[in-house]
Amino acid sequence: MDFAASFALIAPELLLSAAGLALLLVGAWRGDKSARVVAIAAAAALFGAGVMLVPGLHFGTDGPATLAFGGLMKVDSFALFAKALIYLAAIGALVVAPAFFNSAAAGSERGMRAEYPVLILFAALGMSIMVSAHDFMTLYLGLELNSLAAYVLAAILRRDTRSGEAGLKYFVLGALASGILLYGMSLLYGFTGSTAFPAVRAGLTGEMGLGALFGLIFVLSGLAFKISAVPFHMWTPDVYEGAPTPVTAFFATAPKVAAVALTARVTFEVFGAQIAAWQQIVMFMALASIVFGALGAIGQENLKRLLAYSSINNVGFILLGLAVANQGGAAAMLVYLFIYVTMSLGCFVALLMLRDEDGALFETFADIRGLSVTQPLIAGALLVFMFSLAGIPPLLGFYAKFAVFQATVEAGLVAFGAIAIAASVIGAFYYIKFVKVMFFDQPAGVVTGKSGPAHWVLLGLTAAIVSPLGYLLTPSLTDLADKAAASLFFAV
Amino acid sequence: MEGLPILSLMMLVPLAGALACLFSGAAAARWIALGATLLAFVLGIALWSNYQIGGPQWQFTERAELFAGFNYALGIDGIALMLIMLSVFLMPVCILASWDSITKRVGEYMAAFLFMEVLMIGTFAAQDLFLFYIFFEAGLIPMYLIIGVWGGDNRIYASYKFFLYTLFGSVLMLIAMFWMVAEAGTSDIPTLMQYSFPAEAQTWLWLAFFASFAVKVPMWPLHTWLPDAHVQAPTAGSVILAGVLLKLGGYGFIRFSLPMFPEASAQFAWLVFTLSMIAVVYTSLVALVQSDMKKLIAYSSVAHMAIVTVGLFAFNVQGLEGAMIVMLSHGLVSAALFLCVGVIYDRLHTREIARYGGLAINMPYYALFFLLFTMASIGLPGTSGFVGEFLSLAGIYQTSSLVALICTTGIILGAAYMLYLYRRVAFGGQVNEDAAAMRDLSLREWVMMAPIAVAVLWMGVYPESFLAPMRADIAVLDARLAAAAPVGDAALAAGAPRAEAANALPEHSSAEEGAH
């Protein structure tokens with residue numbers, strides 16, 4: 001085995017682990033004073049790891065040359081695409097954090113803790129391993145590394161009961177999901193005699209036994225927990241609401257990408273010969289997520305809860321691309337993921353910018369009434385994000401839906417697509433309610449605080465991508481997604 | 001003019017204006033908006049004067065591969081040209097109509113209208129199916145804001161209803177578009193207009209497109225969003241809604257449903273006829289009992305648009321030409337009527353018909369314009385309404401005399417509710433002192449009304465100016481529809497020719513009678 005080649009393939013992960021360990025030590029010795037430096041170094045490490053992905057992304061990599069450590073990991077274009085998104089989202093979560101933790105929003109524990117960037121780094125590392133997993137062992141390793149970091153992140157405001165509650169809920173339900181996943185993996189191992197993806201795939205050809213089918217369903221259920229697809233979505237609103245807002249922004253973006261990419265890899269590479277067995281399950285999850293995500297959001301007053309349901313709704317559309325079960329669907333799914341991450345990040349940045357003079361965050365609809373008068377720029381950006389999430393052209397969110405629905409119809413699932421798109425109108429209701437509250441209602445009469453340049457830059461950047469200008473990105477985005485999806489199907 | 005991308009330029013000017021308006025104060029925004037819309041109108045005149053009648057079917061074409069999945073492709077035929085002209089003609093009027101009545105957030109208001117203009121031009125000029133959809137749907141955003149921010153008391157309900165109705169109608173059309181593009185392998189509209197889809201697929205595709213256009217037109221029973229939206233929208237919003245946005249539905253039928261699915265269109269003609277007949281009679285009766293002026297005109301719009309749909313599905317040249325002229329005429333007349341309501345609403349802040357009366361005494365010029373537009377709405381010969389309705393009904397008579405008969409009652413009922421409205425507002429005694437004290441038209445209002453009045457009379461006296469650019473395109477469409485056209489009940493039965501003229505008198509008697 002050529003270890004040098006393997007190490008070269010996982011260079012971004014090596015950089016992230018080294019940086020994570022080193023910064024952990026810095027944080028331990030220098031205390032929370034060093035938090036700012038640690039955060040900057042962590043963002044730099046993520047950026048450096050991202051730069052390493054560029055050549056592979058640009059030229060596209062697939063085939064046996066992408067296998068590392070004897071097939072434990074697979075660093076193909078698909079993994080690179082997901083990793084690039086994860087790193088970018090993680091950088092976003094780092095950029096918005098200091099202002100939040102240094103303000104009154106953080107309650108009695110003012111000041112960012114040095115653990116925060118380190119935990120983000122480790123979570124990103126875990127996700128990076130997840131999307132490269134080519135063996136159930138690697139998969140579980142990455143998943144748990146990510147999850148354990150995420151549990152702590154949710155509860156990082158130790159004296160805040162809501163944060164603690166979110167962390168505990170996330171942990172209990174996440175552990176349950178991991179258990180289900182492990183049980184499914186053990187069943188699959190029992191029926192096929194291997195944990196490597198190609199070997200399991202080879203063992204699952206032809207008629208599928210009941211035991212193996214149970215294994216498949218358990219694995220899919222465990223993964224559905226992680227992507228918060230209906231019917232395994234119930235933890236999402238509570239965790240999103242309770243966790244500190246920068247952490248929620250992180251949860252809504254990077255882990256979604258990782259879990260969706262992982263699910264796609266498992267369904268296509270492991271269960272690629274059994275598409276009929278999982279396609280209906282994914283179709284059900286997609287439709288149910290779209291409908292329940294939209295219905296659940298309608299009654300919400302809390303903005304973070306609303307965005308949690310919105311993310312469930314969006315996961316439904318992402319799964320739509322997966323349910324198509326072909327290369328076009330996978331490419332559409334990746335396009336959707338990119339646009340979804342941009343929109344979510346933008347939304348949360350805007351929410352983080354809505355605070356009163358002391359810095360306490362506004363979290364309910366009542367707080368943002370008439371925002372277009374008091375903060376026209378933030379309100380304008382939120383307007384763009386909301387119409388984009390609703391999938392109204394000419395905003396980029398429409399292109400995301402365009403891609404998945406086109407893939408659905410091209411694959412012949414016309415009725416399925418028609419039902420899903422009709423259900424998407426329910427979702428439009430609460431997105432336009434957001435706009436209504438900001439633009440039509442009388443101002444609530446609160447003064448909002450100032451935000452730093454980092455927030456403005458991030459908000460402007462995401463809004464520019466989501467605006468019609470983003471359509472100019474679509475040729476290159478589609479090209480990258482096509483390469484990534486092609487590498488996923490290379491083995492087939 | 002070869003080489004100058006005039007269509008893109010026409011969209012760029014209002015877009016630049018909109019961005020400028022967003023960042024300027026109230027007074028500046030008004031002038032910027034007026035300047036941008038006037039410039040777009042000048043470009044529109046250049047467009048019309050350079051349009052070659054009898055030239056290639058698609059002119060001013062532009063093409064750029066900017067996006068993945070669809071193209072930036074523009075180009076117009078005569079039908080699109082006329083509707084673009086209608087849009088750019090009404091926009092400066094809209095800006096003038098909101099000059100004094102809009103006082104809060106003027107910059108954003110003007111920007112919303114200018115965005116609206118970009119999208120309307122884009123919708124009519126798009127030559128790519130998905131580009132069309134983007135422009136078509138994007139209009140929801142500015143219109144939602146116009147109704148919601150600057151609308152009346154019940155604006156939130158109206159804006160939600162408008163948004164969700166039209167969105168729900170459109171998404172199914174999007175699915176149908178995906179299917180068509182996957183089947184035909186192109187999203188180019190001119191190619192698709194000549195593509196023959198399998199007949200059984202056409203049924204579904206037609207229904208999906210119908211869901212969208214029937215909401216937009218709007219056809220009974222999907223029309224209920226319209227009175228709400230009209231009543232709550234500010235005057236200029238109503239003008240643009242009635243003047244142009246309703247035409248998107250009619251344009252959709254003539255550009256997509258008819259040429260792309262001719263067999264399905266013939267198959268569903270009965271559905272269109274039934275809904276239109278109900279609409280004509282029912283909404284006219286509803287209009288008769290309205291006490292709110294805007295609501296009355298909104299219901300009359302539904303009735304007029306039903307004449308459009310009937311004419312379109314007559315499957316002959318008169319019907320199609322008539323439908324187009326009704327669309328243009330209704331675009332002008334209903335816009336003008338909403339302006340007339342706006343003029344007195346600005347003075348008295350009520351749309352209650354009963355609050356007015358005897359306006360002909362203190363506002364004679366206003367009453368004159370109002371009378372002209374009332375007559376045009378009724379379809380008096382010499383006004384644009386007559387030409388369109390006559391052609392439409394003549395066209396439908398060849399297909400179904402029953403439909404023609406019932407739709408013609410709409411003209412009579414139209415005369416009833418419009419004259420009744422006019423009598424209550426302009427004639428009679430002056431019942432309220434404040435209404436009696438209202439000033440006559442200001443210079444600004446003259447400038448708004450006079451061009452529309454001229455256009456209405458022009459179209460009524462010499463419709464050839466407007467029919468000529470569209471004639472070739474309608475002939476192409478008619479040829480495409482010929483194979484699928486249903487057999488009309490008014491077709492003459494070709495029997496054996498009579499030996500003698502029908503009025504010839506018997507030989508013998510003529511000799512006897514001649515003796516007298």
# chains A, B, ... in the order shown; residues from 1 in each chain; ligands from 1
$ residues_around --residues "Ile368 in chain A" --least-positions-apart "5" --cutoff "9 Å" --atoms "only C-alpha atoms" --output "PyMOL selection string"
chain A and resi 354+362-363+437-438+443-444+446
$ interface_residues --of "chain A" --to "chain B" --cutoff "7 Å" --atoms "only C-alpha atoms" --output "mmCIF file with C-alpha atoms, in the first residue's frame"
data_model
loop_
_atom_site.group_PDB
_atom_site.id
_atom_site.type_symbol
_atom_site.label_atom_id
_atom_site.label_comp_id
_atom_site.auth_asym_id
_atom_site.auth_seq_id
_atom_site.Cartn_x
_atom_site.Cartn_y
_atom_site.Cartn_z
ATOM 1 C CA ILE A 392 -39.726 32.519 -6.592
ATOM 2 C CA PRO A 393 -37.776 33.552 -9.674
ATOM 3 C CA PRO A 394 -35.632 35.492 -10.496
ATOM 4 C CA GLN A 406 -36.104 19.099 -13.932
ATOM 5 C CA VAL A 409 -39.396 15.087 -14.587
ATOM 6 C CA GLU A 410 -36.601 13.894 -16.868
ATOM 7 C CA ALA A 418 -46.212 17.608 -9.589
ATOM 8 C CA ILE A 421 -44.197 21.271 -6.428
ATOM 9 C CA ALA A 422 -47.826 21.775 -5.453
ATOM 10 C CA VAL A 425 -46.778 26.421 -2.449
ATOM 11 C CA PHE A 439 -42.604 45.321 5.116
ATOM 12 C CA PHE A 440 -46.346 45.678 5.687
ATOM 13 C CA TYR A 471 -27.500 32.894 -12.311
ATOM 14 C CA LEU A 472 -24.192 33.818 -13.885
ATOM 15 C CA THR A 474 -24.918 28.478 -12.712
ATOM 16 C CA PRO A 475 -22.811 27.237 -15.658
ATOM 17 C CA THR A 478 -23.616 22.891 -12.811
#
$ residues_around --residues "range 79-81 of chain B" --least-positions-apart "4" --cutoff "7 Å" --atoms "only C-alpha atoms" --output "list of chain:residue names"
B:Met85, B:Phe124, B:Ala125, B:Met470
$ residues_around --residues "Tyr399 in chain A" --least-positions-apart "2" --cutoff "9 Å" --atoms "only C-alpha atoms" --output "PyMOL selection string"
chain A and resi 335-336+339+391+393-397+401-404+471+474
$ write_last_selection --atoms "C-alpha atoms" --output "mmCIF file, in the first residue's frame"
data_model
loop_
_atom_site.group_PDB
_atom_site.id
_atom_site.type_symbol
_atom_site.label_atom_id
_atom_site.label_comp_id
_atom_site.auth_asym_id
_atom_site.auth_seq_id
_atom_site.Cartn_x
_atom_site.Cartn_y
_atom_site.Cartn_z
ATOM 1 C CA VAL A 335 -26.704 22.312 -6.907
ATOM 2 C CA TYR A 336 -29.563 22.574 -4.428
ATOM 3 C CA ILE A 339 -27.775 27.267 -2.992
ATOM 4 C CA GLY A 391 -38.396 29.422 -4.880
ATOM 5 C CA PRO A 393 -37.776 33.552 -9.674
ATOM 6 C CA PRO A 394 -35.632 35.492 -10.496
ATOM 7 C CA LEU A 395 -33.811 34.647 -7.276
ATOM 8 C CA LEU A 396 -31.345 31.801 -7.146
ATOM 9 C CA GLY A 397 -33.555 29.661 -4.916
ATOM 10 C CA LYS A 401 -35.852 23.988 -7.340
ATOM 11 C CA PHE A 402 -35.545 24.219 -11.118
ATOM 12 C CA ALA A 403 -32.654 21.755 -11.033
ATOM 13 C CA VAL A 404 -34.284 19.135 -8.809
ATOM 14 C CA TYR A 471 -27.500 32.894 -12.311
ATOM 15 C CA THR A 474 -24.918 28.478 -12.712
#
$ residues_around --residues "Ile426 in chain A" --least-positions-apart "5" --cutoff "9 Å" --atoms "only C-alpha atoms" --output "ChimeraX atom specification"
/A:290-291,294-295,298 /B:164
$ closest_residue --among "B:Val217, B:Met11, B:Ala360, B:Leu226" --to "Leu296 in chain B" --atoms "only C-alpha atoms"
B:Leu226
$ residues_around --residues "Ala376 in chain B" --least-positions-apart "3" --cutoff "8 Å" --atoms "only C-alpha atoms" --output "list in words"
Val333, Leu372, Phe373, Gly379, Leu380, Thr383, Ser384, Gly385, Phe386 and Val456 of chain B
